[in-house]
$ cat protein32.txt   # compact mmCIF, C-alpha atoms
# COMPACT_ATOMS: atom_id res chain seq x y z
CA MET A 537 8.16 4.07 -89.28
CA GLY A 538 8.37 0.69 -91.05
CA TRP A 539 7.17 -0.25 -94.51
CA SER A 540 3.53 0.62 -95.12
CA SER A 541 1.22 0.51 -98.10
CA VAL A 542 -2.29 1.30 -99.25
CA SER A 543 -4.40 0.72 -102.33
CA ALA A 544 -7.07 2.89 -103.90
CA ALA A 545 -9.16 -0.27 -103.95
CA VAL A 546 -10.16 0.50 -100.35
CA VAL A 547 -11.96 3.63 -101.63
CA PRO A 548 -15.23 3.63 -103.64
CA ALA A 549 -14.44 3.65 -107.37
CA GLU A 550 -15.84 7.12 -107.95
CA ASP A 551 -13.60 8.60 -105.23
CA ARG A 552 -10.29 6.90 -106.05
CA PHE A 553 -8.69 9.61 -108.14
CA GLU A 554 -9.62 12.31 -105.63
CA TRP A 555 -8.20 10.13 -102.83
CA PHE A 556 -4.92 9.78 -104.71
CA ARG A 557 -4.73 13.48 -105.55
CA GLU A 558 -5.29 14.54 -101.96
CA ALA A 559 -2.91 11.94 -100.55
CA VAL A 560 0.01 13.01 -102.75
CA SER A 561 -0.52 16.78 -102.56
CA SER A 562 -1.05 16.83 -98.79
CA GLU A 563 1.44 14.25 -97.57
CA VAL A 564 4.27 14.72 -100.06
CA MET A 565 4.23 18.32 -101.31
CA PRO A 566 1.70 20.69 -102.86
CA LEU A 567 0.95 20.08 -106.54
CA SER A 568 -2.03 19.62 -108.85
CA ILE A 569 -2.86 16.33 -110.54
CA SER A 570 -5.17 15.60 -113.45
CA THR A 571 -6.10 12.47 -115.39
CA ASP A 572 -8.17 11.28 -118.32
CA HIS A 573 -8.81 8.03 -116.47
CA ALA A 574 -10.73 9.21 -113.40
CA ALA A 575 -13.59 6.76 -113.95
CA GLY A 576 -11.36 3.69 -113.77
CA PHE A 577 -8.54 5.17 -111.73
CA HIS A 578 -6.38 2.89 -109.62
CA ALA A 579 -3.27 3.37 -107.52
CA ASP A 580 -1.12 1.35 -105.14
CA ILE A 581 1.31 3.25 -102.93
CA ALA A 582 3.90 1.88 -100.53
CA GLY A 583 6.61 3.74 -98.68
CA VAL A 584 9.20 3.81 -95.95
CA GLU A 585 11.55 6.21 -94.19
CA LEU A 586 15.22 5.26 -94.35
CA GLY A 587 16.70 7.68 -91.88
CA PRO A 588 16.79 11.03 -93.70
CA VAL A 589 15.74 9.44 -97.01
CA ARG A 590 12.16 8.62 -97.95
CA MET A 591 11.34 5.98 -100.53
CA ALA A 592 8.05 5.02 -102.15
CA SER A 593 6.81 2.56 -104.73
CA PHE A 594 3.95 3.68 -106.97
CA ALA A 595 1.66 1.90 -109.44
CA TYR A 596 -1.05 4.18 -110.83
CA SER A 597 -3.22 5.03 -113.79
CA PRO A 598 -1.80 7.65 -116.20
CA ILE A 599 -1.74 11.19 -114.78
CA VAL A 600 -0.29 14.65 -115.31
CA ALA A 601 1.18 16.32 -112.21
CA ARG A 602 2.10 20.02 -112.10
CA ARG A 603 4.07 21.80 -109.40
CA SER A 604 4.02 25.55 -109.95
CA ALA A 605 5.99 28.36 -108.30
CA ALA A 606 2.90 28.97 -106.14
CA HIS A 607 2.98 25.34 -105.01
CA VAL A 608 6.65 25.69 -104.12
CA ARG A 609 5.88 28.75 -101.98
CA GLN A 610 3.05 26.84 -100.34
CA GLY A 611 5.32 24.01 -99.20
CA ASP A 612 8.78 22.72 -100.06
CA PRO A 613 10.62 19.73 -98.52
CA GLU A 614 13.87 21.04 -100.11
CA ASP A 615 14.72 17.64 -101.54
CA TYR A 616 16.14 16.12 -104.65
CA GLN A 617 13.60 13.69 -106.06
CA LEU A 618 15.09 10.72 -107.90
CA THR A 619 12.57 8.64 -109.86
CA LEU A 620 13.23 5.16 -111.25
CA VAL A 621 10.63 4.43 -113.95
CA SER A 622 10.09 0.67 -114.07
CA GLY A 623 6.87 0.61 -116.09
CA GLY A 624 5.39 3.03 -118.59
CA SER A 625 6.91 6.38 -119.51
CA PHE A 626 7.55 9.48 -117.44
CA ARG A 627 7.96 12.85 -119.18
CA LEU A 628 9.55 15.50 -116.96
CA SER A 629 9.56 19.20 -117.87
CA HIS A 630 11.83 20.99 -115.42
CA THR A 631 14.39 23.83 -115.39
CA GLY A 632 13.75 24.50 -119.08
CA ARG A 633 14.42 20.91 -120.07
CA ASP A 634 12.10 18.17 -121.24
CA GLU A 635 13.02 14.47 -120.92
CA LEU A 636 11.08 11.28 -121.61
CA ILE A 637 12.09 8.44 -119.28
CA ALA A 638 11.25 4.74 -119.65
CA GLY A 639 13.22 2.16 -117.70
CA ASP A 640 15.76 4.68 -116.45
CA MET A 641 16.01 7.36 -113.73
CA VAL A 642 15.55 11.12 -113.65
CA LEU A 643 16.33 13.78 -111.04
CA ALA A 644 14.27 16.82 -110.01
CA ASP A 645 14.55 19.61 -107.43
CA THR A 646 11.40 20.10 -105.34
CA SER A 647 12.20 23.81 -104.94
CA ARG A 648 11.58 24.45 -108.63
CA PRO A 649 8.45 24.12 -110.75
CA MET A 650 7.98 20.93 -112.72
CA THR A 651 5.45 19.05 -114.80
CA THR A 652 5.35 15.29 -115.15
CA GLU A 653 3.23 13.31 -117.57
CA CYS A 654 3.03 9.62 -116.73
CA VAL A 655 1.64 7.30 -119.41
CA ARG A 656 1.23 3.59 -120.05
CA ALA A 657 -1.10 2.14 -122.63
CA ASP A 658 -1.31 -1.44 -121.34
CA GLY A 659 -1.37 -1.07 -117.56
CA PRO A 660 -0.31 1.09 -114.63
CA VAL A 661 2.71 3.36 -114.58
CA ARG A 662 5.26 1.98 -112.10
CA ALA A 663 7.94 4.01 -110.36
CA VAL A 664 10.19 3.99 -107.34
CA VAL A 665 10.80 7.45 -105.93
CA LEU A 666 13.50 8.64 -103.53
CA GLN A 667 13.35 11.97 -101.78
CA VAL A 668 16.80 12.92 -100.57
CA PRO A 669 17.53 16.14 -98.62
CA ARG A 670 19.62 18.40 -100.83
CA SER A 671 21.95 19.02 -97.90
CA ALA A 672 22.73 15.27 -97.73
CA VAL A 673 24.08 15.03 -101.29
CA PRO A 674 27.90 15.43 -101.21
CA LEU A 675 28.09 17.51 -104.39
CA ARG A 676 27.87 21.23 -105.01
CA PRO A 677 24.31 22.29 -105.98
CA GLU A 678 25.48 24.00 -109.16
CA ARG A 679 26.98 20.71 -110.30
CA VAL A 680 23.88 18.69 -109.46
CA ASP A 681 21.84 21.23 -111.45
CA ARG A 682 23.45 19.85 -114.60
CA LEU A 683 21.68 16.53 -113.99
CA LEU A 684 18.17 17.88 -113.41
CA ALA A 685 15.66 16.56 -115.97
CA ARG A 686 18.37 14.46 -117.62
CA ARG A 687 18.07 10.74 -118.20
CA ILE A 688 20.24 8.73 -115.79
CA PRO A 689 20.82 5.24 -117.22
CA ALA A 690 19.55 2.51 -114.89
CA ARG A 691 20.74 -0.50 -116.86
CA ARG A 692 24.50 -0.09 -116.76
CA GLY A 693 27.26 1.13 -114.49
CA SER A 694 26.56 2.90 -111.23
CA GLY A 695 22.95 3.55 -112.28
CA ALA A 696 22.32 -0.18 -112.61
CA ILE A 697 23.79 -0.75 -109.15
CA LEU A 698 21.58 1.93 -107.61
CA SER A 699 18.43 0.80 -109.41
CA GLY A 700 19.10 -2.84 -108.52
CA PHE A 701 19.54 -1.90 -104.88
CA LEU A 702 16.30 0.11 -104.90
CA ASN A 703 14.31 -2.71 -106.49
CA THR A 704 15.70 -5.16 -103.97
CA LEU A 705 14.89 -2.78 -101.15
CA VAL A 706 11.30 -2.39 -102.33
CA GLY A 707 10.93 -6.15 -102.47
CA GLN A 708 12.50 -6.81 -99.07
CA ALA A 709 11.50 -3.77 -96.98
CA PRO A 710 8.19 -5.31 -95.84
CA TYR A 711 10.24 -7.95 -94.00
CA CYS A 712 12.63 -5.54 -92.28
CA ALA A 713 12.43 -4.15 -88.76
CA GLU A 714 12.26 -0.37 -88.38
CA GLU A 715 15.78 -0.14 -87.00
CA GLU A 716 17.10 -2.13 -89.96
CA LEU A 717 15.38 0.20 -92.40
CA ALA A 718 16.73 3.30 -90.66
CA GLY A 719 20.22 1.85 -90.89
CA LEU A 720 19.89 1.49 -94.67
CA GLY A 721 19.60 5.25 -95.13
CA PRO A 722 23.38 5.86 -95.21
CA MET A 723 23.78 3.11 -97.81
CA VAL A 724 21.16 4.73 -100.04
CA LEU A 725 22.78 8.14 -99.62
CA ASP A 726 26.18 6.70 -100.52
CA LEU A 727 24.85 5.05 -103.66
CA VAL A 728 22.87 8.10 -104.76
CA GLY A 729 25.87 10.40 -104.22
CA ALA A 730 28.21 8.05 -106.06
CA CYS A 731 25.78 7.56 -108.94
CA LEU A 732 25.29 11.31 -109.43
CA ALA A 733 29.02 11.94 -109.12
CA HIS A 734 29.71 9.25 -111.70
CA GLN A 735 27.30 10.96 -114.11
CA LEU A 736 29.21 14.20 -113.59
CA GLY A 737 32.65 12.60 -113.86
CA ALA A 738 33.32 13.76 -110.31
CA LEU A 739 33.57 10.54 -108.32
CA ASP A 740 36.62 11.88 -106.49
CA GLU A 741 34.41 14.56 -104.91
CA VAL A 742 32.30 12.13 -102.91
CA PRO A 743 33.44 10.76 -99.53
CA ALA A 744 35.58 7.66 -99.44
CA ASP A 745 32.78 5.73 -97.72
CA ALA A 746 30.44 6.40 -100.64
CA ARG A 747 33.05 5.28 -103.18
CA ALA A 748 33.63 2.12 -101.15
CA ARG A 749 29.90 1.41 -101.05
CA LEU A 750 29.67 1.74 -104.84
CA THR A 751 32.64 -0.60 -105.28
CA LEU A 752 31.11 -3.12 -102.89
CA GLU A 753 27.83 -3.11 -104.79
CA ARG A 754 29.72 -3.61 -108.05
CA VAL A 755 31.52 -6.57 -106.52
CA LEU A 756 28.24 -8.07 -105.25
CA ALA A 757 26.63 -7.68 -108.67
CA PHE A 758 29.67 -9.29 -110.30
CA ILE A 759 29.48 -12.22 -107.88
CA GLU A 760 25.77 -12.68 -108.58
CA HIS A 761 26.29 -12.81 -112.34
CA ASN A 762 29.23 -15.21 -112.16
CA LEU A 763 28.16 -17.77 -109.56
CA GLY A 764 28.33 -20.54 -112.13
CA ASP A 765 32.04 -19.97 -112.77
CA PRO A 766 34.01 -22.54 -110.73
CA ASP A 767 36.99 -20.17 -110.85
CA LEU A 768 35.11 -17.40 -109.04
CA THR A 769 37.67 -16.87 -106.27
CA PRO A 770 38.49 -13.76 -104.23
CA ARG A 771 41.64 -13.32 -106.34
CA LEU A 772 39.65 -13.34 -109.59
CA ILE A 773 37.07 -10.91 -108.16
CA ALA A 774 39.82 -8.56 -107.02
CA GLU A 775 41.56 -8.66 -110.40
CA ARG A 776 38.35 -7.93 -112.31
CA HIS A 777 37.79 -4.82 -110.17
CA ASN A 778 41.39 -3.57 -110.17
CA LEU A 779 41.64 -4.20 -106.44
CA SER A 780 44.29 -5.83 -104.30
CA LEU A 781 43.14 -8.80 -102.24
CA ARG A 782 43.64 -6.69 -99.14
CA ALA A 783 41.37 -3.94 -100.53
CA LEU A 784 38.73 -6.51 -101.48
CA TYR A 785 38.75 -8.03 -98.02
CA ALA A 786 38.48 -4.54 -96.50
CA LEU A 787 35.21 -3.98 -98.40
CA PHE A 788 33.71 -6.94 -96.52
CA GLU A 789 35.02 -6.09 -93.05
CA ASP A 790 31.71 -4.62 -91.87
CA ARG A 791 29.59 -7.36 -93.43
CA PRO A 792 28.51 -10.51 -91.56
CA GLU A 793 30.45 -12.76 -93.94
CA SER A 794 33.62 -12.73 -96.02
CA VAL A 795 33.74 -12.53 -99.80
CA ALA A 796 34.33 -16.29 -100.08
CA ALA A 797 31.46 -17.00 -97.68
CA THR A 798 29.20 -14.72 -99.76
CA VAL A 799 29.98 -16.70 -102.91
CA ARG A 800 29.37 -19.98 -101.08
CA ARG A 801 26.07 -18.83 -99.58
CA ARG A 802 24.68 -17.52 -102.85
CA ARG A 803 25.65 -20.73 -104.68
CA LEU A 804 23.89 -22.78 -102.03
CA GLU A 805 20.79 -20.57 -102.11
CA ARG A 806 20.56 -20.80 -105.90
CA SER A 807 21.06 -24.57 -105.75
CA HIS A 808 18.42 -24.88 -103.02
CA ALA A 809 15.92 -23.03 -105.23
CA ASP A 810 16.79 -25.04 -108.35
CA LEU A 811 16.33 -28.39 -106.61
CA ALA A 812 12.89 -27.34 -105.34
CA ARG A 813 11.57 -26.24 -108.75
CA ARG A 814 8.78 -28.29 -110.28
CA ASP A 815 9.37 -27.19 -113.87
CA PRO A 816 10.79 -29.72 -116.35
CA GLY A 817 14.46 -29.88 -117.07
CA ASP A 818 17.63 -31.43 -115.77
CA ARG A 819 17.48 -31.02 -112.01
CA SER A 820 19.83 -33.85 -111.08
CA VAL A 821 22.02 -33.07 -108.11
CA GLN A 822 25.14 -33.28 -110.29
CA ALA A 823 23.68 -30.88 -112.86
CA VAL A 824 22.66 -28.35 -110.22
CA ALA A 825 26.07 -28.55 -108.55
CA ALA A 826 27.82 -27.88 -111.86
CA ARG A 827 25.39 -25.11 -112.79
CA TRP A 828 26.29 -23.13 -109.69
CA GLY A 829 30.05 -23.56 -109.76
CA PHE A 830 30.70 -26.37 -107.30
CA SER A 831 33.87 -28.30 -108.11
CA SER A 832 32.37 -31.74 -107.44
CA HIS A 833 29.23 -33.54 -106.36
CA ALA A 834 30.85 -34.52 -103.06
CA VAL A 835 31.87 -30.95 -102.20
CA PHE A 836 28.36 -29.72 -103.05
CA SER A 837 26.56 -32.39 -101.05
CA ARG A 838 28.70 -31.82 -97.98
CA ALA A 839 28.28 -28.03 -98.09
CA PHE A 840 24.52 -28.31 -98.71
CA ARG A 841 24.00 -30.65 -95.76
CA GLU A 842 26.07 -28.45 -93.45
CA TRP A 843 24.01 -25.40 -94.44
CA TYR A 844 20.50 -26.80 -94.67
CA GLY A 845 20.59 -29.90 -92.49
CA VAL A 846 19.46 -32.22 -95.30
CA THR A 847 21.19 -33.63 -98.36
CA PRO A 848 20.42 -32.20 -101.81
CA SER A 849 18.62 -35.42 -102.75
CA GLU A 850 16.48 -35.29 -99.60
CA HIS A 851 15.58 -31.67 -100.28
CA ARG A 852 14.63 -32.42 -103.89
CA ALA A 853 12.58 -35.47 -102.91
CA GLY A 854 10.77 -33.52 -100.22
CA ALA A 855 9.99 -30.70 -102.63
CA GLU A 856 8.63 -33.16 -105.20
CA ALA A 857 6.44 -34.74 -102.53
CA GLY A 858 5.18 -31.32 -101.46
CA ALA A 859 6.83 -31.59 -98.06
CA GLY A 860 9.47 -28.96 -98.78
CA ALA A 861 12.26 -30.75 -96.94
CA GLY A 862 14.78 -28.25 -95.75
CA ALA A 863 12.59 -25.30 -96.74
CA GLY A 864 13.16 -22.23 -94.68
CA ALA A 865 16.68 -23.18 -93.71
CA GLY A 866 17.93 -20.40 -95.92
CA ALA A 867 16.68 -17.98 -93.28
CA ARG A 868 20.11 -18.51 -91.72
CA THR A 869 21.32 -15.66 -93.88
CA GLY A 870 19.48 -13.26 -91.57
CA ALA A 871 19.62 -10.42 -94.09
CA CYS A 872 16.79 -7.93 -94.41
CA VAL A 873 17.93 -6.81 -97.86
CA ALA A 874 19.45 -9.35 -100.23
CA ASP A 875 22.36 -8.65 -102.55
CA ALA A 876 21.42 -6.06 -105.13
CA SER A 877 20.69 -8.51 -107.93
CA ASP A 878 18.06 -10.41 -105.94
CA GLY A 879 14.43 -9.55 -105.17
CA GLN A 880 13.76 -7.38 -108.19
CA ALA A 881 9.98 -7.38 -107.85
CA VAL A 882 8.34 -4.12 -106.88
CA GLY A 883 6.45 -5.11 -103.76
CA ALA A 884 3.81 -3.77 -101.44
CA GLY A 885 2.59 -4.55 -97.95
CA GLN A 886 -0.68 -3.50 -96.36
CA GLY A 887 -1.99 -0.26 -94.90
CA THR A 888 0.06 3.03 -95.25
CA SER A 889 0.51 6.72 -95.46
CA VAL A 890 2.25 8.13 -98.54
CA ALA A 891 5.97 8.31 -97.96
CA THR A 892 7.18 10.27 -100.96
CA GLY A 893 6.96 11.01 -104.64
CA ALA A 894 5.27 13.54 -106.86
CA ALA A 895 4.21 10.66 -109.08
$ encode --input "protein32.txt" --output "structure tokens"
Amino acid sequence: MGWSSVSAAVVPAEDRFEWFREAVSSEVMPLSISTDHAAGFHADIAGVELGPVRMASFAYSPIVARRSAAHVRQGDPEDYQLTLVSGGSFRLSHTGRDELIAGDMVLADTSRPMTTECVRADGPVRAVVLQVPRSAVPLRPERVDRLLARRIPARRGSGAILSGFLNTLVGQAPYCAEEELAGLGPMVLDLVGACLAHQLGALDEVPADARARLTLERVLAFIEHNLGDPDLTPRLIAERHNLSLRALYALFEDRPESVAATVRRRRLERSHADLARRDPGDRSVQAVAARWGFSSHAVFSRAFREWYGVTPSEHRAGAEAGAGAGAGAGARTGACVADASDGQAVGAGQGTSVATGAA
């Protein structure tokens, strides 16, 4: 099933909280939900299946959700539930621990009771939730238990790579075909396994493919944050990641483009966007070329025309005139999910069933 979404706005206002409660408890797993905001309750839910992994994006009014031992006996997907809290706060009481999460991630086991209190004073709580079969995580359960109801940082290291990938996936999934989405499941599993292993100091326990995926995502994030450096070469990238050039090239063997081609494409895409902006500032072709690491105006102009079919000046003039010259040419990239540092918005499509998440 492809990306799908639904909003409580399609339900009469007085029935919205009950709609949300029934949707989550029946389609995800049994639990009880309460709120002090039933009169003005609102929720947007979007979700997708990624092979064995299910992912959902939630935006909802503050709630308290309780999953008791009786609920577990009533129905259990036997998953680990990883929640990235992107707006508001999420308090999880689970396995005798209590953790308040805001802007980071937290892990739970659906086979054990839990209580979550989700609060935001100035708007909806926002979260991205993964449900991953416990059997698919390449770590011993007793080791993973140490991470339950513990804050997993989402703004540095492997956690930042995983959270960036998830945010990009939420933003891009509505534009992906079902077969593309199913193929992303192994990537998500690799990143989840590597992130959890890194938290445990047990990265050597995960399969080599998962470690390679984590390294690749680190490299892609590094590229994205250093596009303006004219010395951003494969050799520099390899040195900054303690890799040989051969090992770096091996990371890109299964991708549609080489590491150098990735750098070139992202520089061109950033330049294309800058030249089309209508905000004030220095948007001369020379300035844009320098901003995104091109060695000269001539090199930039030639590469831009080869990629987009128009010169940078023609593209800028067309954008200023509202004609958008060259717009859409970037579709040549053909990627359903951009590099992890792109597409950070939490998105939603139209019309869904609930894919996952205990809220």
$ residues_around --input "protein32.txt" --residues "region 761-766 of chain A" --least-positions-apart "4" --cutoff "12 Å" --atoms "only C-alpha atoms" --output "PyMOL selection string"
chain A and resi 754-757+770+772-773+776+796+798-807+823-832+836+875-878
$ atom_distance --input "protein32.txt" --atom1 "CA of Ala744 (chain A)" --atom2 "CA of Leu705 (chain A)"
23.2 Å
$ residues_around --input "protein32.txt" --residues "region 845-858 of chain A" --least-positions-apart "4" --cutoff "7 Å" --atoms "all atoms listed in the file" --output "JSON, numbers by chain"
{"A": [811, 812, 821, 837, 840, 841, 862]}
$ closest_residue --input "protein32.txt" --among "A:Val680, A:Val724, A:Val668, A:Val835" --to "Arg749 (chain A)" --atoms "only C-alpha atoms"
A:Val724
$ residues_around --input "protein32.txt" --residues "region 603-618 of chain A" --least-positions-apart "4" --cutoff "7 Å" --atoms "only C-alpha atoms" --output "compact mmCIF listing (two decimals) with C-alpha atoms, in the coordinates of the input"
# COMPACT_ATOMS: atom_id res chain seq x y z
CA MET A 565 4.23 18.32 -101.31
CA PRO A 566 1.70 20.69 -102.86
CA LEU A 567 0.95 20.08 -106.54
CA SER A 568 -2.03 19.62 -108.85
CA MET A 641 16.01 7.36 -113.73
CA VAL A 642 15.55 11.12 -113.65
CA LEU A 643 16.33 13.78 -111.04
CA ALA A 644 14.27 16.82 -110.01
CA ASP A 645 14.55 19.61 -107.43
CA THR A 646 11.40 20.10 -105.34
CA SER A 647 12.20 23.81 -104.94
CA ARG A 648 11.58 24.45 -108.63
CA PRO A 649 8.45 24.12 -110.75
CA MET A 650 7.98 20.93 -112.72
CA THR A 651 5.45 19.05 -114.80
CA VAL A 665 10.80 7.45 -105.93
CA LEU A 666 13.50 8.64 -103.53
CA GLN A 667 13.35 11.97 -101.78
CA VAL A 668 16.80 12.92 -100.57
CA PRO A 669 17.53 16.14 -98.62
CA ARG A 670 19.62 18.40 -100.83
$ decode --input "protein32.txt" --residues "region 603-623 of chain A" --atoms "N, CA and C atoms" --output "PDB file, in the first residue's frame"
ATOM      1  N   ARG A 603      -1.680   1.778  27.550  1.00  0.00           N
ATOM      2  CA  ARG A 603      -1.736   0.388  27.075  1.00  0.00           C
ATOM      3  C   ARG A 603      -1.436  -0.506  28.274  1.00  0.00           C
ATOM      4  N   SER A 604      -2.448  -1.187  28.743  1.00  0.00           N
ATOM      5  CA  SER A 604      -2.336  -2.011  29.940  1.00  0.00           C
ATOM      6  C   SER A 604      -1.965  -3.445  29.581  1.00  0.00           C
ATOM      7  N   ALA A 605      -1.718  -4.275  30.611  1.00  0.00           N
ATOM      8  CA  ALA A 605      -1.454  -5.690  30.372  1.00  0.00           C
ATOM      9  C   ALA A 605      -2.657  -6.348  29.701  1.00  0.00           C
ATOM     10  N   ALA A 606      -3.861  -5.905  30.041  1.00  0.00           N
ATOM     11  CA  ALA A 606      -5.063  -6.453  29.411  1.00  0.00           C
ATOM     12  C   ALA A 606      -5.100  -6.096  27.921  1.00  0.00           C
ATOM     13  N   HIS A 607      -4.682  -4.885  27.588  1.00  0.00           N
ATOM     14  CA  HIS A 607      -4.622  -4.495  26.180  1.00  0.00           C
ATOM     15  C   HIS A 607      -3.605  -5.353  25.421  1.00  0.00           C
ATOM     16  N   VAL A 608      -2.475  -5.622  26.061  1.00  0.00           N
ATOM     17  CA  VAL A 608      -1.461  -6.462  25.422  1.00  0.00           C
ATOM     18  C   VAL A 608      -2.016  -7.849  25.130  1.00  0.00           C
ATOM     19  N   ARG A 609      -2.745  -8.414  26.094  1.00  0.00           N
ATOM     20  CA  ARG A 609      -3.338  -9.741  25.882  1.00  0.00           C
ATOM     21  C   ARG A 609      -4.396  -9.702  24.785  1.00  0.00           C
ATOM     22  N   GLN A 610      -5.050  -8.568  24.652  1.00  0.00           N
ATOM     23  CA  GLN A 610      -6.100  -8.429  23.641  1.00  0.00           C
ATOM     24  C   GLN A 610      -5.536  -8.396  22.226  1.00  0.00           C
ATOM     25  N   GLY A 611      -4.344  -7.830  22.066  1.00  0.00           N
ATOM     26  CA  GLY A 611      -3.735  -7.763  20.738  1.00  0.00           C
ATOM     27  C   GLY A 611      -2.342  -7.173  20.807  1.00  0.00           C
ATOM     28  N   ASP A 612      -1.377  -7.860  20.183  1.00  0.00           N
ATOM     29  CA  ASP A 612       0.003  -7.393  20.246  1.00  0.00           C
ATOM     30  C   ASP A 612       0.701  -7.621  18.909  1.00  0.00           C
ATOM     31  N   PRO A 613       1.157  -6.549  18.240  1.00  0.00           N
ATOM     32  CA  PRO A 613       1.884  -6.717  16.978  1.00  0.00           C
ATOM     33  C   PRO A 613       3.317  -7.213  17.165  1.00  0.00           C
ATOM     34  N   GLU A 614       3.784  -7.280  18.432  1.00  0.00           N
ATOM     35  CA  GLU A 614       5.139  -7.748  18.750  1.00  0.00           C
ATOM     36  C   GLU A 614       6.193  -6.921  18.018  1.00  0.00           C
ATOM     37  N   ASP A 615       6.067  -5.615  18.186  1.00  0.00           N
ATOM     38  CA  ASP A 615       6.966  -4.672  17.528  1.00  0.00           C
ATOM     39  C   ASP A 615       7.750  -3.864  18.552  1.00  0.00           C
ATOM     40  N   TYR A 616       8.844  -3.277  18.071  1.00  0.00           N
ATOM     41  CA  TYR A 616       9.436  -2.136  18.748  1.00  0.00           C
ATOM     42  C   TYR A 616       8.815  -0.900  18.108  1.00  0.00           C
ATOM     43  N   GLN A 617       8.462   0.058  18.927  1.00  0.00           N
ATOM     44  CA  GLN A 617       7.876   1.302  18.440  1.00  0.00           C
ATOM     45  C   GLN A 617       8.854   2.433  18.714  1.00  0.00           C
ATOM     46  N   LEU A 618       9.377   3.018  17.646  1.00  0.00           N
ATOM     47  CA  LEU A 618      10.335   4.110  17.760  1.00  0.00           C
ATOM     48  C   LEU A 618       9.629   5.406  17.377  1.00  0.00           C
ATOM     49  N   THR A 619       9.604   6.366  18.301  1.00  0.00           N
ATOM     50  CA  THR A 619       8.885   7.616  18.086  1.00  0.00           C
ATOM     51  C   THR A 619       9.859   8.780  18.028  1.00  0.00           C
ATOM     52  N   LEU A 620       9.779   9.551  16.946  1.00  0.00           N
ATOM     53  CA  LEU A 620      10.531  10.794  16.798  1.00  0.00           C
ATOM     54  C   LEU A 620       9.564  11.939  17.088  1.00  0.00           C
ATOM     55  N   VAL A 621       9.836  12.692  18.148  1.00  0.00           N
ATOM     56  CA  VAL A 621       8.945  13.775  18.571  1.00  0.00           C
ATOM     57  C   VAL A 621       9.449  15.073  17.958  1.00  0.00           C
ATOM     58  N   SER A 622       8.735  15.577  16.958  1.00  0.00           N
ATOM     59  CA  SER A 622       9.179  16.777  16.254  1.00  0.00           C
ATOM     60  C   SER A 622       8.459  18.030  16.706  1.00  0.00           C
ATOM     61  N   GLY A 623       7.412  17.895  17.495  1.00  0.00           N
ATOM     62  CA  GLY A 623       6.696  19.054  18.015  1.00  0.00           C
ATOM     63  C   GLY A 623       5.985  18.709  19.300  1.00  0.00           C
TER      64      GLY A 623
END
